[in-house]
file data_31.csv (CSV, C-alpha atoms)
chain,number,residue,atom,x,y,z
Z,1,MET,CA,-13.9,86.1,-13.3
Z,2,ASN,CA,-12.5,85.1,-9.9
Z,3,GLN,CA,-8.9,84.5,-9.0
Z,4,ARG,CA,-9.2,80.7,-9.5
Z,5,GLN,CA,-10.7,81.2,-13.0
Z,6,LEU,CA,-8.0,83.7,-13.9
Z,7,PHE,CA,-5.3,81.4,-12.6
Z,8,LEU,CA,-6.5,78.5,-14.7
Z,9,GLN,CA,-6.9,80.7,-17.8
Z,10,ASN,CA,-3.8,82.9,-17.7
Z,11,VAL,CA,-1.1,81.1,-15.7
Z,12,ALA,CA,0.6,78.2,-17.5
Z,13,GLN,CA,-0.3,74.9,-15.8
Z,14,THR,CA,2.1,72.1,-14.9
Z,15,SER,CA,-0.7,69.5,-14.6
Z,16,ASP,CA,-4.3,69.1,-15.5
Z,17,ALA,CA,-5.3,68.9,-11.8
Z,18,PRO,CA,-3.5,71.7,-9.8
Z,19,LEU,CA,-4.4,72.0,-6.1
Z,20,ALA,CA,-5.5,75.6,-6.7
Z,21,LEU,CA,-5.6,76.6,-3.1
Z,22,GLU,CA,-5.6,80.4,-2.9
Z,23,ILE,CA,-3.1,81.1,-0.1
Z,24,VAL,CA,-3.1,84.7,1.2
Z,25,LYS,CA,-0.8,84.5,4.2
Z,26,ALA,CA,1.9,82.2,5.6
Z,27,GLN,CA,3.8,82.5,8.9
Z,28,ASP,CA,6.2,80.0,10.4
Z,29,ALA,CA,4.7,76.5,9.8
Z,30,THR,CA,1.2,77.7,8.9
Z,31,MET,CA,-0.6,78.9,5.8
Z,32,TRP,CA,-4.0,80.5,5.4
Z,33,ASP,CA,-6.3,80.5,2.4
Z,34,ILE,CA,-8.6,83.2,1.2
Z,35,ASN,CA,-11.4,81.9,3.5
Z,36,GLY,CA,-9.3,82.1,6.6
Z,37,LYS,CA,-8.7,78.3,6.8
Z,38,ALA,CA,-5.4,77.4,8.3
Z,39,TYR,CA,-3.1,74.6,7.1
Z,40,ILE,CA,-0.1,73.1,8.9
Z,41,ASP,CA,2.6,73.2,6.2
Z,42,LEU,CA,4.3,69.8,5.9
Z,43,ILE,CA,6.0,70.7,2.6
Z,44,SER,CA,7.7,74.1,3.2
Z,45,GLY,CA,7.7,74.8,-0.5
Z,46,ILE,CA,9.4,71.5,-1.2
Z,47,SER,CA,12.2,72.2,1.3
Z,48,VAL,CA,12.5,75.9,0.5
Z,49,CYS,CA,11.2,77.5,3.7
Z,50,ASN,CA,13.5,75.6,6.1
Z,51,ILE,CA,13.3,78.4,8.7
Z,52,GLY,CA,9.6,78.9,8.2
Z,53,HIS,CA,7.5,81.4,6.3
Z,54,SER,CA,7.8,85.2,6.7
Z,55,ASN,CA,10.9,85.1,8.9
Z,56,PRO,CA,11.4,88.7,10.3
Z,57,ASP,CA,15.2,88.6,9.8
Z,58,VAL,CA,14.8,87.6,6.2
Z,59,ILE,CA,12.1,90.3,5.6
Z,60,GLN,CA,14.3,92.9,7.2
Z,61,ALA,CA,17.2,91.9,5.0
Z,62,ILE,CA,15.1,92.1,1.9
Z,63,LYS,CA,13.8,95.6,2.8
Z,64,HIS,CA,17.3,96.8,3.5
Z,65,GLN,CA,18.7,95.6,0.2
Z,66,VAL,CA,15.7,96.9,-1.8
Z,67,ASP,CA,16.5,100.3,-0.4
Z,68,GLN,CA,20.1,100.1,-1.6
Z,69,TYR,CA,19.6,98.6,-5.1
Z,70,MET,CA,18.2,95.6,-6.9
Z,71,HIS,CA,19.5,94.5,-10.3
Z,72,ILE,CA,22.5,96.6,-11.5
Z,73,MET,CA,24.6,94.3,-13.9
Z,74,VAL,CA,24.9,90.7,-15.1
Z,75,TYR,CA,26.4,88.3,-12.5
Z,76,GLY,CA,30.2,88.5,-12.0
Z,77,GLU,CA,31.0,91.9,-13.3
Z,78,LEU,CA,30.4,94.2,-10.4
Z,79,ILE,CA,31.2,93.8,-6.7
Z,80,GLN,CA,27.9,93.4,-5.0
Z,81,SER,CA,28.1,93.2,-1.2
Z,82,PRO,CA,25.1,90.7,-0.8
Z,83,GLN,CA,26.9,88.2,-3.1
Z,84,VAL,CA,30.3,88.7,-1.4
Z,85,GLU,CA,28.8,88.4,2.1
Z,86,TYR,CA,26.7,85.4,1.4
Z,87,SER,CA,29.4,83.5,-0.5
Z,88,THR,CA,31.8,84.2,2.3
Z,89,ASN,CA,29.3,82.9,4.9
Z,90,ILE,CA,28.6,79.7,3.0
Z,91,ILE,CA,32.3,79.0,2.4
Z,92,ALA,CA,32.9,79.4,6.1
Z,93,GLN,CA,30.6,76.5,6.8
Z,94,LEU,CA,32.2,74.2,4.2
Z,95,PRO,CA,35.4,72.1,3.9
Z,96,GLN,CA,38.3,74.2,2.7
Z,97,GLN,CA,38.4,72.7,-0.8
Z,98,LEU,CA,34.9,74.0,-1.5
Z,99,ASN,CA,35.9,77.7,-1.7
Z,100,SER,CA,34.3,79.2,-4.8
Z,101,VAL,CA,30.6,79.9,-5.2
Z,102,TYR,CA,28.9,80.5,-8.5
Z,103,PHE,CA,25.3,81.8,-7.9
Z,104,THR,CA,22.5,81.0,-10.3
Z,105,ASN,CA,18.8,81.6,-10.3
Z,106,SER,CA,17.7,78.0,-9.4
Z,107,GLY,CA,18.8,74.5,-8.6
Z,108,ALA,CA,18.3,73.4,-12.2
Z,109,GLU,CA,20.7,76.1,-13.4
Z,110,ALA,CA,23.2,75.0,-10.8
Z,111,THR,CA,23.0,71.5,-12.3
Z,112,GLU,CA,23.6,72.9,-15.7
Z,113,GLY,CA,26.6,74.9,-14.6
Z,114,ALA,CA,28.1,72.0,-12.7
Z,115,MET,CA,27.8,69.7,-15.7
Z,116,LYS,CA,29.6,72.3,-17.9
Z,117,LEU,CA,32.3,72.7,-15.3
Z,118,ALA,CA,32.9,69.0,-15.0
Z,119,LYS,CA,33.3,68.7,-18.8
Z,120,ARG,CA,35.6,71.7,-18.9
Z,121,VAL,CA,37.9,70.5,-16.1
Z,122,THR,CA,38.2,66.9,-17.2
Z,123,GLY,CA,38.0,67.3,-21.0
Z,124,ARG,CA,35.5,64.4,-21.0
Z,125,THR,CA,31.9,64.2,-21.9
Z,126,ASN,CA,30.3,61.1,-20.3
Z,127,ILE,CA,28.2,61.4,-17.2
Z,128,LEU,CA,27.0,58.8,-14.7
Z,129,ALA,CA,23.6,59.5,-13.1
Z,130,PHE,CA,21.1,57.4,-11.2
Z,131,ASN,CA,17.7,56.0,-11.7
Z,132,ASN,CA,15.0,57.8,-9.8
Z,133,SER,CA,17.1,60.9,-9.4
Z,134,TYR,CA,15.9,64.5,-9.9
Z,135,HIS,CA,18.2,67.4,-10.7
Z,136,GLY,CA,15.9,69.9,-12.4
Z,137,SER,CA,13.8,70.2,-15.6
Z,138,THR,CA,15.9,72.1,-18.0
Z,139,GLN,CA,17.4,70.1,-21.0
Z,140,GLY,CA,20.7,69.2,-19.4
Z,141,ALA,CA,19.2,68.5,-16.0
Z,142,LEU,CA,16.5,66.5,-17.7
Z,143,SER,CA,19.2,64.4,-19.4
Z,144,VAL,CA,20.5,63.2,-16.0
Z,145,MET,CA,17.0,62.8,-14.5
Z,146,GLY,CA,16.5,59.2,-13.5
Z,147,SER,CA,13.1,58.5,-15.2
Z,148,GLU,CA,12.5,57.6,-18.8
Z,149,TYR,CA,8.9,58.6,-18.5
Z,150,TRP,CA,9.9,62.3,-18.2
Z,151,ARG,CA,12.9,62.1,-20.5
Z,152,ASN,CA,11.3,60.4,-23.4
Z,153,ALA,CA,8.9,63.1,-24.3
Z,154,PHE,CA,11.7,65.6,-24.9
Z,155,ARG,CA,14.3,63.5,-26.8
Z,156,PRO,CA,16.9,64.0,-28.2
Z,157,LEU,CA,18.7,65.0,-25.0
Z,158,LEU,CA,22.4,65.1,-24.1
Z,159,PRO,CA,24.4,62.1,-25.3
Z,160,GLY,CA,26.9,60.2,-23.1
Z,161,ILE,CA,24.6,59.8,-20.1
Z,162,THR,CA,24.5,56.5,-18.3
Z,163,HIS,CA,21.8,55.7,-15.6
Z,164,VAL,CA,22.3,53.0,-13.0
Z,165,ASP,CA,20.6,52.0,-9.8
Z,166,TYR,CA,21.2,54.1,-6.8
Z,167,GLY,CA,23.3,52.3,-4.2
Z,168,SER,CA,24.3,49.4,-6.5
Z,169,SER,CA,27.7,47.8,-6.8
Z,170,GLU,CA,27.2,48.1,-10.6
Z,171,ALA,CA,27.5,51.9,-10.3
Z,172,ILE,CA,30.9,51.7,-8.7
Z,173,GLU,CA,32.1,49.1,-11.2
Z,174,MET,CA,30.9,51.1,-14.1
Z,175,ILE,CA,33.0,54.2,-13.4
Z,176,ASP,CA,36.0,54.5,-15.7
Z,177,ASP,CA,38.3,57.2,-17.0
Z,178,GLN,CA,35.9,58.2,-19.7
Z,179,PHE,CA,33.5,59.8,-17.3
Z,180,ALA,CA,33.6,63.6,-16.6
Z,181,CYS,CA,31.5,63.2,-13.5
Z,182,VAL,CA,29.1,61.3,-11.3
Z,183,ILE,CA,26.0,63.2,-10.2
Z,184,LEU,CA,23.8,62.1,-7.4
Z,185,GLU,CA,21.8,63.2,-4.4
Z,186,PRO,CA,23.4,62.1,-1.1
Z,187,ILE,CA,19.9,61.3,0.0
Z,188,GLN,CA,17.6,60.5,-2.9
Z,189,ALA,CA,14.5,62.5,-2.3
Z,190,GLU,CA,12.0,61.9,-5.1
Z,191,SER,CA,12.3,58.1,-4.9
Z,192,GLY,CA,10.6,58.4,-1.5
Z,193,VAL,CA,13.7,59.1,0.7
Z,194,THR,CA,16.3,56.5,-0.2
Z,195,ILE,CA,19.3,56.4,2.0
Z,196,PRO,CA,22.6,54.8,0.8
Z,197,SER,CA,25.0,53.1,3.0
Z,198,VAL,CA,28.1,55.0,4.2
Z,199,GLN,CA,30.3,52.2,2.8
Z,200,TRP,CA,28.7,52.6,-0.7
Z,201,MET,CA,29.1,56.3,-0.7
Z,202,GLN,CA,32.7,56.2,0.4
Z,203,SER,CA,33.5,53.5,-2.2
Z,204,LEU,CA,31.9,55.7,-4.9
Z,205,SER,CA,34.0,58.7,-3.8
Z,206,LYS,CA,37.2,56.6,-3.7
Z,207,LYS,CA,36.6,55.3,-7.2
Z,208,CYS,CA,36.0,58.8,-8.5
Z,209,LYS,CA,39.2,60.1,-7.0
Z,210,GLU,CA,41.3,57.3,-8.4
Z,211,LEU,CA,40.1,58.0,-11.9
Z,212,GLY,CA,39.9,61.8,-11.8
Z,213,VAL,CA,36.1,61.7,-12.1
Z,214,LEU,CA,34.4,64.7,-10.5
Z,215,LEU,CA,31.8,63.8,-7.8
Z,216,ILE,CA,28.8,66.2,-7.9
Z,217,PHE,CA,26.5,66.1,-4.9
Z,218,ASP,CA,23.0,67.6,-5.5
Z,219,GLU,CA,22.0,69.0,-2.1
Z,220,ILE,CA,19.3,71.2,-3.5
Z,221,GLN,CA,16.7,69.5,-1.3
Z,222,THR,CA,18.9,68.1,1.5
Z,223,GLY,CA,20.9,71.2,2.2
Z,224,PHE,CA,20.6,73.7,5.1
Z,225,GLY,CA,19.7,71.5,8.0
Z,226,ARG,CA,17.0,69.3,6.3
Z,227,THR,CA,18.7,66.0,7.3
Z,228,GLY,CA,19.9,67.1,10.8
Z,229,LYS,CA,23.3,68.4,9.5
Z,230,LEU,CA,23.9,71.6,7.6
Z,231,PHE,CA,24.7,69.5,4.5
Z,232,ALA,CA,23.9,65.9,4.0
Z,233,PHE,CA,27.4,64.9,2.8
Z,234,GLU,CA,28.5,65.3,6.4
Z,235,HIS,CA,26.7,62.1,7.2
Z,236,PHE,CA,29.2,60.2,5.0
Z,237,ASN,CA,32.5,61.7,5.9
Z,238,ILE,CA,33.3,62.6,2.3
Z,239,VAL,CA,33.5,65.9,0.4
Z,240,PRO,CA,32.2,66.2,-3.2
Z,241,ASP,CA,34.1,68.0,-5.9
Z,242,ILE,CA,31.1,70.1,-6.7
Z,243,LEU,CA,28.2,70.9,-4.5
Z,244,LEU,CA,24.8,72.0,-5.8
Z,245,LEU,CA,22.5,74.2,-3.7
Z,246,GLY,CA,19.1,75.7,-4.3
Z,247,LYS,CA,15.6,75.8,-2.6
Z,248,ALA,CA,16.4,76.8,1.0
Z,249,LEU,CA,19.5,78.6,-0.2
Z,250,GLY,CA,17.4,81.8,-0.9
Z,251,GLY,CA,15.5,81.9,2.3
Z,252,GLY,CA,12.3,81.8,0.3
Z,253,MET,CA,13.6,83.8,-2.6
Z,254,PRO,CA,14.8,82.2,-5.9
Z,255,LEU,CA,18.5,81.3,-5.8
Z,256,GLY,CA,20.8,78.4,-6.7
Z,257,ALA,CA,24.5,77.8,-6.6
Z,258,PHE,CA,27.2,75.4,-7.6
Z,259,ILE,CA,30.3,75.4,-5.4
Z,260,ALA,CA,33.8,73.9,-6.2
Z,261,ASN,CA,37.5,74.6,-5.6
Z,262,GLN,CA,38.6,77.9,-7.1
Z,263,ARG,CA,41.1,76.1,-9.2
Z,264,LEU,CA,38.3,74.2,-11.0
Z,265,MET,CA,35.9,77.2,-11.1
Z,266,ASN,CA,38.5,79.4,-12.8
Z,267,THR,CA,38.4,77.2,-15.9
Z,268,LEU,CA,35.1,78.9,-16.8
Z,269,THR,CA,36.8,82.3,-17.1
Z,270,ASN,CA,38.8,81.7,-20.3
Z,271,ALA,CA,38.9,79.8,-23.6
Z,272,PRO,CA,36.1,80.9,-23.9
Z,273,ILE,CA,35.8,83.9,-21.7
Z,274,LEU,CA,32.4,84.0,-20.0
Z,275,GLY,CA,32.2,80.2,-20.1
Z,276,HIS,CA,29.2,80.4,-17.9
Z,277,ILE,CA,27.1,83.5,-17.6
Z,278,THR,CA,23.8,84.6,-16.1
Z,279,THR,CA,21.8,87.8,-16.0
Z,280,PHE,CA,20.0,87.5,-12.7
Z,281,GLY,CA,22.0,84.7,-11.0
Z,282,GLY,CA,22.9,85.8,-7.5
Z,283,HIS,CA,20.4,88.6,-7.5
Z,284,PRO,CA,21.3,90.9,-4.6
Z,285,VAL,CA,17.9,90.8,-2.9
Z,286,CYS,CA,17.9,87.0,-3.1
Z,287,CYS,CA,21.5,86.8,-1.7
Z,288,ALA,CA,20.5,89.2,1.2
Z,289,ALA,CA,17.5,87.0,2.0
Z,290,GLY,CA,19.5,83.8,1.8
Z,291,ASN,CA,22.3,85.2,4.0
Z,292,ALA,CA,19.8,86.2,6.7
Z,293,ALA,CA,18.2,82.8,6.5
Z,294,LEU,CA,21.5,81.0,7.0
Z,295,ASN,CA,22.4,83.3,9.9
Z,296,PHE,CA,19.1,82.6,11.5
Z,297,LEU,CA,19.5,78.8,11.0
Z,298,LEU,CA,23.0,78.9,12.6
Z,299,LYS,CA,22.1,81.4,15.4
Z,300,LYS,CA,19.1,79.3,16.5
Z,301,ASN,CA,21.0,76.0,15.8
Z,302,LEU,CA,17.9,74.6,14.2
Z,303,MET,CA,19.8,71.4,13.2
Z,304,SER,CA,20.0,70.4,16.8
Z,305,GLY,CA,16.3,69.8,17.0
Z,306,VAL,CA,15.8,68.0,13.7
Z,307,ASP,CA,16.4,64.4,14.9
Z,308,ALA,CA,14.0,64.6,17.9
Z,309,LYS,CA,11.3,66.0,15.6
Z,310,SER,CA,11.9,63.3,13.1
Z,311,LYS,CA,11.6,60.6,15.8
Z,312,LEU,CA,8.3,62.2,16.9
Z,313,PHE,CA,6.9,62.0,13.5
Z,314,LYS,CA,8.0,58.4,13.1
Z,315,THR,CA,6.6,57.4,16.6
Z,316,LYS,CA,3.2,59.0,16.0
Z,317,LEU,CA,2.7,57.7,12.4
Z,318,ALA,CA,1.4,54.2,13.0
Z,319,HIS,CA,-1.7,52.9,11.3
Z,320,PRO,CA,-2.6,49.6,9.5
Z,321,ILE,CA,-2.7,51.2,6.0
Z,322,ILE,CA,0.8,52.8,6.6
Z,323,LYS,CA,3.3,50.3,5.3
Z,324,ASN,CA,6.5,52.1,6.2
Z,325,VAL,CA,7.9,55.5,7.3
Z,326,ARG,CA,11.3,56.5,6.1
Z,327,THR,CA,13.1,59.3,7.8
Z,328,MET,CA,16.4,61.3,7.3
Z,329,GLY,CA,15.9,64.2,9.6
Z,330,LEU,CA,12.9,66.1,8.5
Z,331,LEU,CA,12.9,64.6,5.0
Z,332,ILE,CA,10.2,61.9,5.6
Z,333,SER,CA,8.1,59.6,3.5
Z,334,ILE,CA,5.0,57.6,4.4
Z,335,GLU,CA,4.4,54.5,2.2
Z,336,PHE,CA,1.0,53.4,1.2
Z,337,ASP,CA,0.0,50.5,-1.0
Z,338,SER,CA,-0.8,52.6,-4.1
Z,339,PHE,CA,-0.9,56.1,-5.5
Z,340,GLU,CA,-4.7,55.9,-5.2
Z,341,THR,CA,-4.6,55.3,-1.5
Z,342,ASN,CA,-1.9,58.0,-1.0
Z,343,LYS,CA,-3.9,60.6,-3.0
Z,344,LYS,CA,-7.0,59.9,-1.0
Z,345,VAL,CA,-5.2,60.4,2.2
Z,346,ILE,CA,-3.5,63.5,1.0
Z,347,ASP,CA,-6.8,65.0,-0.1
Z,348,ALA,CA,-8.3,64.2,3.2
Z,349,CYS,CA,-5.4,65.8,5.0
Z,350,ILE,CA,-5.7,69.0,3.0
Z,351,GLU,CA,-9.4,69.0,3.7
Z,352,MET,CA,-8.7,68.7,7.5
Z,353,GLY,CA,-5.9,71.4,7.5
Z,354,VAL,CA,-2.6,69.6,6.7
Z,355,PHE,CA,-0.8,70.5,3.5
Z,356,THR,CA,1.2,67.7,2.0
Z,357,ASP,CA,1.8,65.9,-1.3
Z,358,TRP,CA,3.6,63.0,-3.0
Z,359,PHE,CA,7.0,62.2,-4.4
Z,360,LEU,CA,7.8,62.5,-8.1
Z,361,PHE,CA,9.1,58.9,-8.6
Z,362,ALA,CA,7.3,57.3,-5.6
Z,363,SER,CA,3.7,58.3,-6.0
Z,364,ASN,CA,2.5,55.9,-3.3
Z,365,TYR,CA,4.6,57.8,-0.7
Z,366,MET,CA,3.4,60.9,1.1
Z,367,ARG,CA,5.9,63.7,1.4
Z,368,ILE,CA,6.7,65.3,4.8
Z,369,SER,CA,9.4,68.1,4.8
Z,370,PRO,CA,8.1,70.8,7.1
Z,371,PRO,CA,9.9,74.0,8.2
Z,372,LEU,CA,12.6,73.1,10.7
Z,373,ILE,CA,11.0,75.5,13.2
Z,374,ILE,CA,7.8,73.4,13.4
Z,375,SER,CA,6.8,72.9,17.0
Z,376,ASN,CA,6.2,69.5,18.7
Z,377,GLU,CA,2.6,70.5,19.2
Z,378,GLU,CA,2.2,71.2,15.5
Z,379,ILE,CA,3.8,67.8,14.7
Z,380,GLU,CA,1.4,66.0,17.0
Z,381,ARG,CA,-1.6,67.8,15.6
Z,382,ALA,CA,-0.4,67.1,12.0
Z,383,CYS,CA,0.1,63.4,12.9
Z,384,GLU,CA,-3.4,63.2,14.4
Z,385,ILE,CA,-4.9,64.6,11.2
Z,386,ILE,CA,-2.9,62.2,9.0
Z,387,LEU,CA,-4.1,59.3,11.1
Z,388,SER,CA,-7.6,60.5,11.0
Z,389,ALA,CA,-7.3,60.7,7.2
Z,390,CYS,CA,-5.9,57.2,7.1
Z,391,GLU,CA,-8.8,55.9,9.3
Z,392,LYS,CA,-11.3,57.6,7.0
Z,393,ILE,CA,-9.8,56.1,3.9
Z,394,SER,CA,-9.5,52.6,5.4
Z,395,LYS,CA,-13.2,52.6,5.9
Z,396,MET,CA,-14.1,53.6,2.4
call {"tool": "encode", "arguments": {"input": "data_31.csv", "output": "structure tokens"}}
result
Amino acid sequence: MNQRQLFLQNVAQTSDAPLALEIVKAQDATMWDINGKAYIDLISGISVCNIGHSNPDVIQAIKHQVDQYMHIMVYGELIQSPQVEYSTNIIAQLPQQLNSVYFTNSGAEATEGAMKLAKRVTGRTNILAFNNSYHGSTQGALSVMGSEYWRNAFRPLLPGITHVDYGSSEAIEMIDDQFACVILEPIQAESGVTIPSVQWMQSLSKKCKELGVLLIFDEIQTGFGRTGKLFAFEHFNIVPDILLLGKALGGGMPLGAFIANQRLMNTLTNAPILGHITTFGGHPVCCAAGNAALNFLLKKNLMSGVDAKSKLFKTKLAHPIIKNVRTMGLLISIEFDSFETNKKVIDACIEMGVFTDWFLFASNYMRISPPLIISNEEIERACEIILSACEKISKM
């Protein structure tokens, strides 16, 4: 049996039609399959590889840490320098009230920890979430996911969850002193890149503060330069009570985190002790990789080039079958009239050497979230291929 057959037989599948490309190498913004075919990567592992694939600084940090030790004890019991150094580095980039990092294995686990923390701090249980939001696929995270299509198959889920429309006045009006928290993405990704107004976001934050409701920002996709700032909340001149990180946090390795003020975080240490615990969260190799990735991002000041690259994409992507292009830095969506059209364009792009896909709650939108190090020449080539695909589909 070949690798594809073994993949389909032995690896649990997430859909009945996986792409099943056999990738054997990835470097910067390019991937190669087993036949030597190159693909410009416009997904970066769903905003994981923000500094590109196979970054030498990250590889060196991984090799160095592996030579020292890998797993030695469950998270939080021993002083592990990669965790200490990375948390210190992250906190140095954040407002002073966000000064305590709890590392997890993934963004979904960060969501779970943050929900527990909000309940523990406030003594309340109700949670306000948003339609078309995505926060992970575990039971708690699924409960706040903004789509009944995905939630319904796994009910019963957590009680006390209310979903409202993102950016609506109803959301602000609905918040009362029975809510433990409001959880949202500062830029809603899986709805096809939905950007709220600064006024709405600030009004939401103000209402939460007035009522002692914790504001949780899910920056699992938008963090680490994706929107042109290190963190997307900087666009709104507000600071969340709890910040969720994942994806690019690990520099290509699995890592998540929820971050809050130490006064809040300390409520998880007693009554009960070990109020939140993880075996592999903050794995030393992952923390070493993530710290190297953050240092590279800052050293090269990759955020400074994001807006210009975003504008280049938007300028180049004009075709009669493209209805709209939404951009927030290098988180970009291309709107088509239907999923069918979008899927045909995506398939044609992959055939011609551009790797992309669609959004979970906006299947008629093509996803573009390339490594931040993508060159202007690669952007122009990728756009040429996308337009060629659009032209091909428009004539079918």
call {"tool": "closest_residue", "arguments": {"input": "data_31.csv", "among": "Z:Leu255, Z:Ala362, Z:Val24, Z:Ala61", "to": "Lys37 in chain Z", "atoms": "all atoms listed in the file"}}
result
Z:Val24
call {"tool": "residues_around", "arguments": {"input": "data_31.csv", "residues": "Glu185 in chain Z", "least_positions_apart": "4", "cutoff": "9 Å", "atoms": "all atoms listed in the file", "output": "list of chain:residue names"}}
result
Z:Phe130, Z:Ser133, Z:Tyr134, Z:His135, Z:Ala189, Z:Ile216, Z:Phe217, Z:Asp218, Z:Glu219, Z:Ile220, Z:Gln221, Z:Thr222
call {"tool": "closest_atom_pairs", "arguments": {"input": "data_31.csv", "of": "range 277-336 of chain Z", "to": "range 91-94 of chain Z", "cutoff": "12 Å", "atoms": "all atoms listed in the file", "output": "Markdown table"}}
result
| residue | atom | partner | partner_atom | distance |
| --- | --- | --- | --- | --- |
| Z:Asn291 | CA | Z:Ile91 | CA | 11.9 |
| Z:Leu294 | CA | Z:Gln93 | CA | 10.2 |
| Z:Asn295 | CA | Z:Gln93 | CA | 11.1 |
| Z:Leu298 | CA | Z:Gln93 | CA | 9.9 |
call {"tool": "closest_residue", "arguments": {"input": "data_31.csv", "among": "Z:Leu117, Z:Ala248, Z:Met265, Z:Ile322", "to": "Val48 in chain Z", "atoms": "only C-alpha atoms"}}
result
Z:Ala248
call {"tool": "closest_atom_pairs", "arguments": {"input": "data_31.csv", "of": "range 121-182 of chain Z", "to": "range 199-210 of chain Z", "cutoff": "12 Å", "atoms": "only C-alpha atoms", "output": "CSV"}}
result
residue,atom,partner,partner_atom,distance
Z:Ile127,CA,Z:Cys208,CA,12.0
Z:Leu128,CA,Z:Cys208,CA,10.9
Z:Tyr166,CA,Z:Trp200,CA,9.8
Z:Gly167,CA,Z:Trp200,CA,6.4
Z:Ser168,CA,Z:Trp200,CA,8.0
Z:Ser169,CA,Z:Trp200,CA,7.8
Z:Glu170,CA,Z:Leu204,CA,10.6
Z:Ala171,CA,Z:Leu204,CA,7.9
Z:Ile172,CA,Z:Leu204,CA,5.6
Z:Glu173,CA,Z:Lys207,CA,8.6
Z:Met174,CA,Z:Lys207,CA,9.9
Z:Ile175,CA,Z:Lys207,CA,7.3
Z:Asp176,CA,Z:Cys208,CA,8.4
Z:Asp177,CA,Z:Cys208,CA,8.9
Z:Gln178,CA,Z:Cys208,CA,11.2
Z:Phe179,CA,Z:Cys208,CA,9.2
Z:Ala180,CA,Z:Cys208,CA,9.7
Z:Cys181,CA,Z:Cys208,CA,8.0
Z:Val182,CA,Z:Cys208,CA,7.9
call {"tool": "write_last_selection", "arguments": {"input": "data_31.csv", "atoms": "C-alpha atoms", "output": "PDB file, in the frame of the given file"}}
result
ATOM      1  CA  ILE Z 127      28.200  61.400 -17.200  1.00  0.00           C
ATOM      2  CA  LEU Z 128      27.000  58.800 -14.700  1.00  0.00           C
ATOM      3  CA  TYR Z 166      21.200  54.100  -6.800  1.00  0.00           C
ATOM      4  CA  GLY Z 167      23.300  52.300  -4.200  1.00  0.00           C
ATOM      5  CA  SER Z 168      24.300  49.400  -6.500  1.00  0.00           C
ATOM      6  CA  SER Z 169      27.700  47.800  -6.800  1.00  0.00           C
ATOM      7  CA  GLU Z 170      27.200  48.100 -10.600  1.00  0.00           C
ATOM      8  CA  ALA Z 171      27.500  51.900 -10.300  1.00  0.00           C
ATOM      9  CA  ILE Z 172      30.900  51.700  -8.700  1.00  0.00           C
ATOM     10  CA  GLU Z 173      32.100  49.100 -11.200  1.00  0.00           C
ATOM     11  CA  MET Z 174      30.900  51.100 -14.100  1.00  0.00           C
ATOM     12  CA  ILE Z 175      33.000  54.200 -13.400  1.00  0.00           C
ATOM     13  CA  ASP Z 176      36.000  54.500 -15.700  1.00  0.00           C
ATOM     14  CA  ASP Z 177      38.300  57.200 -17.000  1.00  0.00           C
ATOM     15  CA  GLN Z 178      35.900  58.200 -19.700  1.00  0.00           C
ATOM     16  CA  PHE Z 179      33.500  59.800 -17.300  1.00  0.00           C
ATOM     17  CA  ALA Z 180      33.600  63.600 -16.600  1.00  0.00           C
ATOM     18  CA  CYS Z 181      31.500  63.200 -13.500  1.00  0.00           C
ATOM     19  CA  VAL Z 182      29.100  61.300 -11.300  1.00  0.00           C
TER      20      VAL Z 182
END
call {"tool": "residues_near_point", "arguments": {"input": "data_31.csv", "point": "(8.7, 74.3, 2.5)", "cutoff": "9 Å", "atoms": "only C-alpha atoms", "output": "PyMOL selection string"}}
result
chain Z and resi 29+41-53+247-248+252+369-371
call {"tool": "residues_around", "arguments": {"input": "data_31.csv", "residues": "Gly251 in chain Z", "least_positions_apart": "3", "cutoff": "6 Å", "atoms": "all atoms listed in the file", "output": "list of chain:residue names"}}
result
Z:Ala248, Z:Ala289, Z:Gly290, Z:Ala293
call {"tool": "atom_distance", "arguments": {"input": "data_31.csv", "atom1": "CA of Val198 in chain Z", "atom2": "CA of Ser333 in chain Z"}}
result
20.5 Å
call {"tool": "closest_residue", "arguments": {"input": "data_31.csv", "among": "Z:Leu78, Z:Ala26, Z:Ala17, Z:Ile34", "to": "Ser54 in chain Z", "atoms": "all atoms listed in the file"}}
result
Z:Ala26
call {"tool": "atom_distance", "arguments": {"input": "data_31.csv", "atom1": "CA of Ile195 in chain Z", "atom2": "CA of Arg326 in chain Z"}}
result
9.0 Å
call {"tool": "closest_residue", "arguments": {"input": "data_31.csv", "among": "Z:Gln262, Z:Gln5, Z:Thr125, Z:Gln139", "to": "Leu98 in chain Z", "atoms": "only C-alpha atoms"}}
result
Z:Gln262
call {"tool": "atom_distance", "arguments": {"input": "data_31.csv", "atom1": "CA of Gly256 in chain Z", "atom2": "CA of Asn237 in chain Z"}}
result
24.0 Å
call {"tool": "residues_around", "arguments": {"input": "data_31.csv", "residues": "Gly146 in chain Z", "least_positions_apart": "2", "cutoff": "9 Å", "atoms": "all atoms listed in the file", "output": "ChimeraX atom specification"}}
result
/Z:129-135,142-144,148,150-151,163-164,361
call {"tool": "residues_near_point", "arguments": {"input": "data_31.csv", "point": "(25.5, 63.5, -27.4)", "cutoff": "12 Å", "atoms": "only C-alpha atoms", "output": "PyMOL selection string"}}
result
chain Z and resi 124-127+140+143+155-162
call {"tool": "closest_residue", "arguments": {"input": "data_31.csv", "among": "Z:Thr88, Z:Thr267, Z:Ser310, Z:Thr327", "to": "Thr122 in chain Z", "atoms": "all atoms listed in the file"}}
result
Z:Thr267
